[in-house]
$ cat coords_33.cif   # mmCIF, C-alpha atoms
data_my_file
#
loop_
_atom_site.label_atom_id
_atom_site.label_comp_id
_atom_site.auth_asym_id
_atom_site.auth_seq_id
_atom_site.Cartn_x
_atom_site.Cartn_y
_atom_site.Cartn_z
CA MET E 1 -27.56 -17.37 202.79
CA SER E 2 -28.22 -19.45 205.86
CA PHE E 3 -28.79 -22.99 207.10
CA GLU E 4 -30.72 -24.57 209.95
CA ILE E 5 -28.97 -25.27 213.25
CA GLU E 6 -30.02 -28.43 215.08
CA ALA E 7 -29.28 -29.62 218.60
CA SER E 8 -27.84 -33.11 218.78
CA GLY E 9 -28.39 -34.79 222.14
CA ARG E 10 -26.20 -37.46 223.70
CA HIS E 11 -26.22 -40.63 221.64
CA VAL E 12 -24.25 -43.69 220.62
CA HIS E 13 -23.36 -45.26 217.29
CA LEU E 14 -22.81 -49.02 217.51
CA ASP E 15 -20.91 -51.47 215.36
CA GLN E 16 -22.65 -54.79 214.74
CA SER E 17 -20.45 -56.68 217.19
CA THR E 18 -21.32 -54.35 220.08
CA LEU E 19 -24.99 -54.36 219.08
CA ASP E 20 -24.96 -58.18 219.12
CA ARG E 21 -23.38 -58.29 222.56
CA LEU E 22 -25.93 -55.88 224.00
CA PHE E 23 -29.10 -57.11 222.27
CA GLY E 24 -28.36 -60.57 220.90
CA PRO E 25 -26.72 -62.14 217.81
CA GLY E 26 -27.82 -60.63 214.50
CA TYR E 27 -29.90 -57.92 216.18
CA GLN E 28 -31.29 -55.18 213.93
CA LEU E 29 -32.11 -51.67 215.17
CA THR E 30 -35.72 -50.50 214.93
CA PRO E 31 -36.07 -47.03 213.39
CA LYS E 32 -38.17 -44.69 215.54
CA LYS E 33 -37.52 -41.25 214.06
CA TRP E 34 -35.80 -40.33 210.81
CA LEU E 35 -33.22 -37.56 211.17
CA SER E 36 -32.25 -34.67 208.91
CA GLN E 37 -29.29 -36.57 207.47
CA PRO E 38 -30.34 -39.03 204.74
CA GLU E 39 -30.85 -42.63 205.93
CA GLN E 40 -29.97 -41.72 209.54
CA TYR E 41 -32.43 -42.44 212.33
CA ALA E 42 -32.94 -42.57 216.08
CA SER E 43 -33.84 -46.12 217.04
CA GLU E 44 -36.35 -47.48 219.51
CA GLU E 45 -33.47 -49.08 221.42
CA ARG E 46 -31.73 -47.32 224.30
CA VAL E 47 -28.67 -48.03 226.43
CA THR E 48 -27.16 -46.84 229.69
CA VAL E 49 -23.75 -45.16 229.47
CA LYS E 50 -21.70 -45.69 232.61
CA GLY E 51 -18.54 -43.86 233.64
CA PRO E 52 -16.34 -43.86 236.76
CA ASN E 53 -18.53 -41.35 238.62
CA GLY E 54 -22.01 -41.67 237.17
CA LYS E 55 -24.27 -42.90 234.41
CA LEU E 56 -26.64 -41.64 231.74
CA THR E 57 -29.79 -43.69 231.21
CA LYS E 58 -31.99 -44.14 228.14
CA VAL E 59 -29.33 -42.86 225.75
CA ALA E 60 -30.44 -42.99 222.12
CA ILE E 61 -28.81 -45.32 219.63
CA LEU E 62 -28.55 -43.82 216.15
CA GLY E 63 -28.67 -46.05 213.12
CA PRO E 64 -27.66 -47.58 210.88
CA VAL E 65 -24.78 -49.50 212.46
CA ARG E 66 -21.26 -48.20 211.87
CA GLU E 67 -17.83 -49.73 211.51
CA GLN E 68 -16.80 -48.52 214.97
CA THR E 69 -18.73 -47.82 218.15
CA GLN E 70 -18.75 -44.17 219.18
CA VAL E 71 -20.34 -42.37 222.14
CA GLU E 72 -21.12 -38.66 221.80
CA VAL E 73 -21.81 -36.58 224.91
CA SER E 74 -21.75 -32.94 225.94
CA LEU E 75 -19.14 -31.45 228.27
CA THR E 76 -21.77 -31.46 231.02
CA ASP E 77 -22.43 -35.17 230.40
CA ALA E 78 -18.71 -35.97 230.43
CA ARG E 79 -18.30 -34.30 233.81
CA ALA E 80 -21.29 -36.23 235.16
CA LEU E 81 -19.73 -39.49 233.94
CA GLY E 82 -16.35 -38.58 235.40
CA ILE E 83 -14.41 -38.76 232.14
CA ASP E 84 -12.17 -36.34 230.27
CA ALA E 85 -13.68 -36.60 226.80
CA PRO E 86 -11.93 -34.56 224.09
CA ILE E 87 -13.62 -32.40 221.48
CA ARG E 88 -13.25 -34.34 218.24
CA GLU E 89 -14.69 -34.80 214.80
CA SER E 90 -16.80 -37.91 214.42
CA GLY E 91 -14.67 -40.99 213.82
CA HIS E 92 -11.49 -39.52 215.32
CA LEU E 93 -11.34 -41.81 218.35
CA GLU E 94 -7.62 -42.20 219.03
CA ASN E 95 -6.74 -41.66 222.71
CA THR E 96 -10.34 -41.13 223.77
CA PRO E 97 -11.78 -42.53 227.01
CA GLY E 98 -13.93 -45.61 227.13
CA VAL E 99 -17.19 -46.13 229.00
CA ILE E 100 -19.44 -49.08 229.78
CA LEU E 101 -22.60 -49.58 227.74
CA GLU E 102 -25.42 -51.47 229.43
CA ASN E 103 -28.69 -53.02 228.31
CA GLY E 104 -30.30 -54.73 231.28
CA THR E 105 -27.92 -57.42 232.48
CA LYS E 106 -25.74 -57.22 229.36
CA SER E 107 -22.79 -54.85 229.21
CA VAL E 108 -19.85 -53.96 226.97
CA ALA E 109 -16.75 -52.14 228.23
CA LEU E 110 -15.30 -49.88 225.56
CA GLY E 111 -11.57 -49.22 225.58
CA ILE E 112 -11.99 -46.01 223.57
CA GLY E 113 -14.72 -44.13 221.77
CA THR E 114 -16.22 -41.30 223.86
CA ILE E 115 -16.06 -37.79 222.42
CA ILE E 116 -17.61 -34.36 222.63
CA ALA E 117 -18.49 -33.77 218.99
CA GLN E 118 -16.88 -30.73 217.45
CA ARG E 119 -19.57 -28.38 216.24
CA HIS E 120 -19.96 -28.94 212.53
CA ILE E 121 -21.94 -28.26 209.38
CA HIS E 122 -23.02 -31.15 207.17
CA MET E 123 -23.08 -29.70 203.68
CA THR E 124 -23.86 -30.88 200.17
CA PRO E 125 -21.24 -30.21 197.47
CA HIS E 126 -23.69 -27.82 195.78
CA ASP E 127 -24.17 -25.81 198.96
CA ALA E 128 -20.43 -25.83 199.65
CA GLN E 129 -19.96 -24.03 196.33
CA LEU E 130 -22.69 -21.54 197.20
CA PHE E 131 -21.12 -20.82 200.60
CA ASN E 132 -17.61 -20.87 199.10
CA VAL E 133 -16.26 -23.40 201.60
CA LYS E 134 -14.54 -26.75 201.28
CA ASN E 135 -14.49 -30.02 203.20
CA GLY E 136 -12.53 -29.74 206.44
CA GLU E 137 -12.55 -25.93 206.46
CA ILE E 138 -12.97 -24.26 209.86
CA VAL E 139 -15.44 -21.38 209.91
CA GLN E 140 -17.39 -19.16 212.29
CA VAL E 141 -21.18 -19.18 212.40
CA ARG E 142 -23.50 -16.48 213.69
CA ALA E 143 -26.59 -17.85 215.44
CA ASN E 144 -29.30 -15.26 215.95
CA GLY E 145 -31.27 -17.09 218.63
CA LEU E 146 -32.67 -15.81 221.92
CA ARG E 147 -29.05 -15.30 223.01
CA PRO E 148 -27.24 -14.33 219.79
CA LEU E 149 -23.66 -15.49 219.57
CA ILE E 150 -20.94 -16.55 217.18
CA PHE E 151 -19.72 -20.14 217.20
CA ASP E 152 -16.01 -20.44 216.50
CA SER E 153 -14.14 -23.53 215.29
CA VAL E 154 -17.00 -24.99 213.26
CA VAL E 155 -15.82 -27.68 210.85
CA VAL E 156 -17.43 -27.99 207.43
CA ARG E 157 -18.07 -31.57 206.31
CA VAL E 158 -18.97 -31.91 202.64
CA SER E 159 -20.48 -35.03 201.10
CA GLN E 160 -23.10 -36.05 198.57
CA LYS E 161 -24.53 -38.19 201.37
CA TYR E 162 -25.35 -35.14 203.51
CA ALA E 163 -28.16 -32.64 203.79
CA THR E 164 -27.08 -29.12 204.82
CA TYR E 165 -27.54 -28.63 208.56
CA MET E 166 -25.31 -27.43 211.39
CA HIS E 167 -25.13 -29.59 214.52
CA VAL E 168 -24.33 -28.43 218.05
CA ASP E 169 -24.72 -30.28 221.34
CA PHE E 170 -27.25 -29.35 224.03
CA ASP E 171 -24.76 -27.24 226.01
CA GLU E 172 -24.18 -25.13 222.91
CA ALA E 173 -27.86 -25.09 221.99
CA ASN E 174 -28.76 -23.70 225.42
CA ALA E 175 -26.00 -21.11 225.17
CA CYS E 176 -27.63 -19.54 222.09
CA GLY E 177 -31.24 -20.14 223.13
CA LEU E 178 -31.81 -22.49 220.21
CA THR E 179 -35.39 -23.08 219.12
CA LYS E 180 -36.61 -25.17 216.20
CA GLY E 181 -35.91 -23.48 212.90
CA LEU E 182 -33.03 -21.31 214.13
CA ARG E 183 -30.72 -20.50 211.24
CA GLY E 184 -27.04 -19.69 211.12
CA THR E 185 -24.82 -17.79 208.73
CA ILE E 186 -21.11 -18.15 208.05
CA VAL E 187 -19.20 -15.01 208.98
CA LYS E 188 -15.68 -13.78 208.40
CA SER E 189 -13.49 -12.83 211.36
CA SER E 190 -13.82 -9.15 210.50
CA ASP E 191 -17.62 -9.45 210.76
CA CYS E 192 -17.69 -11.15 214.14
CA HIS E 193 -18.44 -8.04 216.21
CA ALA E 194 -20.94 -6.53 213.83
CA ASN E 195 -24.71 -6.89 213.90
CA ILE E 196 -24.87 -9.65 216.50
#
$ encode --input "coords_33.cif" --output "structure tokens"
Amino acid sequence: MSFEIEASGRHVHLDQSTLDRLFGPGYQLTPKKWLSQPEQYASEERVTVKGPNGKLTKVAILGPVREQTQVEVSLTDARALGIDAPIRESGHLENTPGVILENGTKSVALGIGTIIAQRHIHMTPHDAQLFNVKNGEIVQVRANGLRPLIFDSVVVRVSQKYATYMHVDFDEANACGLTKGLRGTIVKSSDCHANI
């Protein structure tokens, strides 16, 4: 059994207050591209993410709005920004660095909220039973791309709201030579050195 592995580029999730401050009171995001996760989309709107040493322009905003603003970057991005972003699960923002979000002349300084997303598998409850895993479990995943490798420390996230896909950032995608349609399989530690 296997599942598709997708590359997730740098992006931000905004709460309504931050969205209002950047785009105007009551602003609504405009869906541009629907994503693999139900009701999730990349919007037409973009922002600049600014750190102490650099900035990232035209960063995608993913919708719909969330309860808390979160910025997700790769390790390479974090170094370019000049911040020490930790590897975290989505929503775990305690003691994370802030950045400045800009839209033209408008800006919002975040006190916290920038992470490198821990590699993870979104999984339906049905598929979790098939793969014999549970929510929050840490697994290893073999990716047989152009540069086959095994991803360690992959967290399984189970919800009826999900579709089953694994997400890695662009650094990780490049490491395994990810191309569209690449599939991964969960492996046990004893299998890690076999048939890579």
$ atom_distance --input "coords_33.cif" --atom1 "CA of Val158 (chain E)" --atom2 "CA of Ser43 (chain E)"
25.1 Å
$ closest_residue --input "coords_33.cif" --among "E:Gly9, E:Gly136, E:Pro52, E:Gly63" --to "Ala173 (chain E)" --atoms "all atoms listed in the file"
E:Gly9
$ closest_residue --input "coords_33.cif" --among "E:Leu146, E:Ser159, E:Ser153, E:Asn135" --to "Leu182 (chain E)" --atoms "only C-alpha atoms"
E:Leu146
$ atom_distance --input "coords_33.cif" --atom1 "CA of Ser74 (chain E)" --atom2 "CA of Ala7 (chain E)"
11.0 Å
$ closest_residue --input "coords_33.cif" --among "E:Leu93, E:Leu62, E:Asn103, E:Arg21" --to "Lys50 (chain E)" --atoms "all atoms listed in the file"
E:Asn103
$ resolve_selection --input "coords_33.cif" --expression "the PyMOL selection byres ((chain E and resi 139) around 7)" --output "ChimeraX atom specification"
/E:137-138,140-141,152-155,186
$ write_last_selection --input "coords_33.cif" --atoms "C-alpha atoms" --output "compact mmCIF listing (two decimals), in the frame of the given file"
# COMPACT_ATOMS: atom_id res chain seq x y z
CA GLU E 137 -12.55 -25.93 206.46
CA ILE E 138 -12.97 -24.26 209.86
CA GLN E 140 -17.39 -19.16 212.29
CA VAL E 141 -21.18 -19.18 212.40
CA ASP E 152 -16.01 -20.44 216.50
CA SER E 153 -14.14 -23.53 215.29
CA VAL E 154 -17.00 -24.99 213.26
CA VAL E 155 -15.82 -27.68 210.85
CA ILE E 186 -21.11 -18.15 208.05
$ decode --input "coords_33.cif" --residues "region 102-129 of chain E" --atoms "N, CA and C atoms" --output "compact mmCIF listing (two decimals), in the first residue's frame"
# COMPACT_ATOMS: atom_id res chain seq x y z
N GLU E 102 4.18 41.71 4.67
CA GLU E 102 3.95 42.97 3.96
C GLU E 102 3.06 42.76 2.75
N ASN E 103 2.17 43.73 2.53
CA ASN E 103 1.39 43.81 1.31
C ASN E 103 1.41 45.27 0.88
N GLY E 104 2.30 45.60 -0.05
CA GLY E 104 2.46 46.99 -0.44
C GLY E 104 2.95 47.83 0.73
N THR E 105 2.20 48.86 1.07
CA THR E 105 2.61 49.74 2.17
C THR E 105 2.11 49.24 3.53
N LYS E 106 1.30 48.21 3.53
CA LYS E 106 0.76 47.68 4.78
C LYS E 106 1.64 46.56 5.30
N SER E 107 1.82 46.51 6.62
CA SER E 107 2.64 45.46 7.20
C SER E 107 2.11 45.06 8.57
N VAL E 108 2.41 43.82 8.95
CA VAL E 108 2.06 43.28 10.26
C VAL E 108 3.29 42.57 10.81
N ALA E 109 3.71 42.96 12.00
CA ALA E 109 4.83 42.30 12.67
C ALA E 109 4.28 41.20 13.57
N LEU E 110 4.69 39.97 13.31
CA LEU E 110 4.25 38.85 14.10
C LEU E 110 5.22 38.59 15.24
N GLY E 111 4.69 38.39 16.43
CA GLY E 111 5.56 38.08 17.57
C GLY E 111 6.05 36.64 17.54
N ILE E 112 5.21 35.74 17.05
CA ILE E 112 5.54 34.32 16.90
C ILE E 112 4.91 33.82 15.62
N GLY E 113 5.18 32.54 15.29
CA GLY E 113 4.39 31.94 14.22
C GLY E 113 5.12 31.36 13.04
N THR E 114 6.47 31.39 13.01
CA THR E 114 7.19 30.87 11.85
C THR E 114 7.79 29.51 12.18
N ILE E 115 7.45 28.51 11.36
CA ILE E 115 7.94 27.15 11.58
C ILE E 115 8.45 26.53 10.29
N ILE E 116 9.25 25.49 10.46
CA ILE E 116 9.54 24.55 9.39
C ILE E 116 8.62 23.36 9.67
N ALA E 117 7.69 23.09 8.80
CA ALA E 117 6.68 22.06 9.07
C ALA E 117 7.33 20.68 9.14
N GLN E 118 7.01 19.96 10.21
CA GLN E 118 7.47 18.58 10.31
C GLN E 118 6.82 17.78 9.19
N ARG E 119 7.62 16.97 8.52
CA ARG E 119 7.06 16.14 7.46
C ARG E 119 5.94 15.28 8.04
N HIS E 120 4.86 15.15 7.29
CA HIS E 120 3.66 14.54 7.85
C HIS E 120 2.81 13.88 6.78
N ILE E 121 1.94 12.98 7.25
CA ILE E 121 0.97 12.33 6.37
C ILE E 121 -0.42 12.70 6.86
N HIS E 122 -1.19 13.37 6.01
CA HIS E 122 -2.62 13.54 6.28
C HIS E 122 -3.28 12.21 5.93
N MET E 123 -4.12 11.70 6.81
CA MET E 123 -4.69 10.38 6.56
C MET E 123 -6.14 10.31 7.04
N THR E 124 -6.97 9.67 6.25
CA THR E 124 -8.35 9.43 6.66
C THR E 124 -8.38 8.32 7.71
N PRO E 125 -9.41 8.29 8.55
CA PRO E 125 -9.51 7.20 9.53
C PRO E 125 -9.53 5.82 8.87
N HIS E 126 -10.19 5.72 7.72
CA HIS E 126 -10.23 4.44 7.00
C HIS E 126 -8.83 4.00 6.59
N ASP E 127 -8.07 4.94 6.02
CA ASP E 127 -6.72 4.59 5.59
C ASP E 127 -5.79 4.33 6.77
N ALA E 128 -6.03 5.01 7.88
CA ALA E 128 -5.22 4.76 9.07
C ALA E 128 -5.38 3.32 9.53
N GLN E 129 -6.59 2.80 9.43
CA GLN E 129 -6.82 1.39 9.77
C GLN E 129 -6.10 0.48 8.79
